[in-house]
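**Q** I have a structure I would like to understand better, so I am pasting it below and will then ask my questions one at a time.
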Amino acid sequence: MDIVLTGIARSGTTLTCSLLNKLPQTVALHEPMNPAELVGLAFPDEYLRRLAAFFAAQRASLLAAGTAVSKARDGQVPENPFAQSADPGGLRASTVDNQEVQFAKELREGFRLAVKHPNFFTATLSVLQPRYPCFALIRNPLAVLLSWHSIQAPVNEGRLPYGEAFDPTLRATLENEPDRLTRQVEILRWYFSRYDAFLPRDHVIRYEDLIASGGRALAVIDPAAASLNEPLASRNKSGLYDATLVRTLADRLLADPTVAGAFYSPDAIETLRDEWAAA
């Protein structure tokens with residue numbers, strides 16, 4: 001089974017790959033494709049053909065040699081692709097790159113192969129969802145914004161290049177908005193609206209549920225995940241963030257309760273903000 005895995009950037013998608021790779025008949029690849037090679041292809045036919053060919057090539061390699069291409073660190077898909085500490089500029093850098101990863105498991109024909117890309121998969125869900133089982137990770141929008149402010153990535157500046165490349169409406173929205181935080185809020189709205197429009201609700205997995213369940217929330221992707229019991233800790237209140245930024249971002253989200261759609265209520269944002277205030 002070929003599986004499309006996507007989600008809001010910094011919502012636990014890489015952690016999900018790491019957890020799925022603990023299961024005996026699932027391999028999950030972290031952003032293995034070069035999206036630049038997909039931009040400009042005839043859409044959707046050539047785009048879908050290229051994706052199918054990638055799945056087929058990685059599946060064949062895994063069955064023959066146990067290897068596949070994935071962004072990784074030291075030969076493994078990590079739980080978090082960013083450094084734990086900030087660089088001199090105050091931001092955390094990505095510490096992964098594309099590698100040939102060895103998966104030490106005896107795979108059978110028909111094993112689950114999940115490929116994860118947050119941005120261009122989200123932008124193209126309308127053509128992916130009818131052809132593949134598609135799943136998305138989401139997270140409390142306040143925690144997401146805080147994380148975006150801590151990393152070296154285009155989303156830190158309120159841009160999403162490979163989301164914009166496949167969604168001209170998103171590109172126009174961001175190009176016409178001068179305020180960085182407003183752009184970030186619009187990106188959040190875009191993510192949530194895409195999952196609301198194109199995915200069954202049970203295919204949208206909350207980071208908070210993933211953590212609380214020790215990974216068992218992934219049983220919707222592979223029933224074998226029901227046996228997981230990993231010691232996971234929420235990073236929604238990471239010490240990387242200061243209280244002033246927490247209040248600023250919370251106020252911005254609470255000013256427009258439609259950003260997270262039906263996925264997170266204002267109460268969820270207020271609760272996380274108040275937990276910071278009490279810490």
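Quick note on naming: the chains in the structure tokens go A, B, ... in the order shown, residues restart at 1 in each chain, and ligands are numbered from 1 in order of appearance.
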What are the nearest atom pairs, with distances in Å to one decimal, for all residues of stretch 161-189 of chain A that come at most 7 Å from stretch 117-139 of chain A, using only C-alpha atoms, set out by chain and rising residue number as a Markdown table?

**A**
| residue | atom | partner | partner_atom | distance |
| --- | --- | --- | --- | --- |
| A:Tyr162 | CA | A:Phe120 | CA | 5.4 |
| A:Gly163 | CA | A:Asn119 | CA | 4.8 |
| A:Phe166 | CA | A:Ala123 | CA | 5.9 |
| A:Asp167 | CA | A:Ala123 | CA | 6.0 |

**Q** Measure the distance from atom CA of A:Ala72 to atom CA of A:Ser94 in Å and round it to one decimal.

**A**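 Rounded to one decimal, the two atoms are 10.4 Å apart.
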
**Q** Please identify all polymer residues within 12 Å of A:Arg201, counting only C-alpha atoms, omitting same-chain residues fewer than 3 positions from it, and present them as JSON, numbers by chain.

**A** {"A": [134, 135, 136, 137, 138, 192, 194, 195, 196, 197, 198, 204, 205, 206, 220, 262, 263]}

**Q** So that each row is one residue of stretch 85-156 of chain A with an atom at most 9 Å from stretch 238-257 of chain A, can you give its shortest atom pair and the distance in Å to one decimal, using only C-alpha atoms, rows by chain and rising number, as a tab-separated table?

**A**
residue	atom	partner	partner_atom	distance
A:Ser85	CA	A:Leu240	CA	8.4
A:Ala86	CA	A:Leu240	CA	8.8
A:Pro141	CA	A:Leu253	CA	7.8
A:Leu142	CA	A:Ala250	CA	6.1
A:Ala143	CA	A:Val246	CA	8.8
A:Leu145	CA	A:Leu249	CA	7.2
A:Leu146	CA	A:Tyr241	CA	6.8
A:Ser147	CA	A:Tyr241	CA	8.3
A:His149	CA	A:Tyr241	CA	8.7
A:Ser150	CA	A:Leu240	CA	7.5

**Q** May I ask for the distance between atom CA of A:Asn176 and atom CA of A:Asn140, given in Å to one decimal place?

**A** 26.3 Å

**Q** Taking the DSSP secondary structure from the backbone, can you list the residues of stretch 48-257 of chain A that are strand (DSSP E or B), as JSON, numbers by chain?

**A** {"A": [67, 68, 69, 70, 71, 72, 73, 76, 82, 92, 94, 97, 98, 99, 100, 101, 102, 112, 113, 114, 115, 116, 134, 135, 136, 137, 138, 151, 204, 205, 206]}

**Q** Might you pull out every residue within 8 Å of stretch 97-100 of chain A, with only C-alpha atoms counted and same-chain residues fewer than 6 positions away left off, and present them as a list in words?

**A**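 Selected residues are Pro32, Thr67, Ala68, Val69, Ser70, Lys71, Ala72, Arg73 and Gly75 of chain A.
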
**Q** Those same residues - N, CA and C atoms - I'd like them written as a PDB file, in the first residue's frame.

**A**
ATOM      1  N   PRO A  32      11.540  12.826   0.815  1.00  0.00           N
ATOM      2  CA  PRO A  32      12.594  12.253  -0.022  1.00  0.00           C
ATOM      3  C   PRO A  32      12.660  12.816  -1.435  1.00  0.00           C
ATOM      4  N   THR A  67      16.795  -0.669   1.236  1.00  0.00           N
ATOM      5  CA  THR A  67      17.177   0.738   1.289  1.00  0.00           C
ATOM      6  C   THR A  67      16.180   1.609   0.538  1.00  0.00           C
ATOM      7  N   ALA A  68      16.123   2.881   0.951  1.00  0.00           N
ATOM      8  CA  ALA A  68      15.298   3.873   0.272  1.00  0.00           C
ATOM      9  C   ALA A  68      15.886   5.242   0.537  1.00  0.00           C
ATOM     10  N   VAL A  69      15.519   6.197  -0.300  1.00  0.00           N
ATOM     11  CA  VAL A  69      15.979   7.575  -0.141  1.00  0.00           C
ATOM     12  C   VAL A  69      15.077   8.286   0.860  1.00  0.00           C
ATOM     13  N   SER A  70      15.698   9.030   1.772  1.00  0.00           N
ATOM     14  CA  SER A  70      14.944   9.845   2.714  1.00  0.00           C
ATOM     15  C   SER A  70      15.866  10.910   3.279  1.00  0.00           C
ATOM     16  N   LYS A  71      15.304  12.040   3.641  1.00  0.00           N
ATOM     17  CA  LYS A  71      16.069  12.945   4.487  1.00  0.00           C
ATOM     18  C   LYS A  71      16.295  12.234   5.814  1.00  0.00           C
ATOM     19  N   ALA A  72      17.520  12.295   6.290  1.00  0.00           N
ATOM     20  CA  ALA A  72      17.873  11.540   7.484  1.00  0.00           C
ATOM     21  C   ALA A  72      19.075  12.180   8.157  1.00  0.00           C
ATOM     22  N   ARG A  73      19.355  11.694   9.368  1.00  0.00           N
ATOM     23  CA  ARG A  73      20.539  12.100  10.120  1.00  0.00           C
ATOM     24  C   ARG A  73      21.249  10.837  10.586  1.00  0.00           C
ATOM     25  N   GLY A  75      22.008   8.240   9.001  1.00  0.00           N
ATOM     26  CA  GLY A  75      21.419   7.019   8.470  1.00  0.00           C
ATOM     27  C   GLY A  75      20.072   6.643   9.012  1.00  0.00           C
TER      28      GLY A  75
END

**Q** Leaving out A:Leu232 and any residue of its chain fewer than 6 positions from it, which residues lie within 9 Å of it when counting only C-alpha atoms, given as a PyMOL selection string?

**A** chain A and resi 210-215

**Q** What is the atom CA of A:Pro81-atom CA of A:Val96 distance in Å, reported with one decimal?

**A**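 Computed distance, atom CA of A:Pro81 to atom CA of A:Val96, equals 5.8 Å.
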
**Q** Restricting the calculation to only C-alpha atoms, which member of A:Val144, A:Gln184, A:Arg112, A:Ala56 is positioned closest to A:Leu160?

**A**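 That would be A:Gln184, the residue with the smallest distance to A:Leu160.
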
**Q** For the helix (DSSP H, G or I) assignment from backbone DSSP, which residues of stretch 99-166 of chain A qualify? Please present them as a VMD selection string.

**A** chain A and resid 119 to 123 125 to 128 141 to 148 154 to 157 161 to 164

**Q** Quick one: of A:Glu79, A:Glu31, A:Glu109, A:Asp45, who's nearest to A:Arg59, counting only C-alpha atoms?

**A**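 Of the candidates, the smallest distance to A:Arg59 is held by A:Glu109.
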
**Q** Would you please work out which residue, of A:Leu5, A:Val101, A:Ile187, A:Leu218, is nearest to A:Val259 when using only C-alpha atoms?

**A**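 Smallest separation from A:Val259 among the options: A:Ile187.
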
**Q** Which residue gives the smallest distance to A:Pro24 among A:Leu174, A:Arg49, A:Ala225, A:Leu91, with only C-alpha atoms counted?

**A**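 Answer, going by the shortest atom-to-atom distance: A:Ala225.
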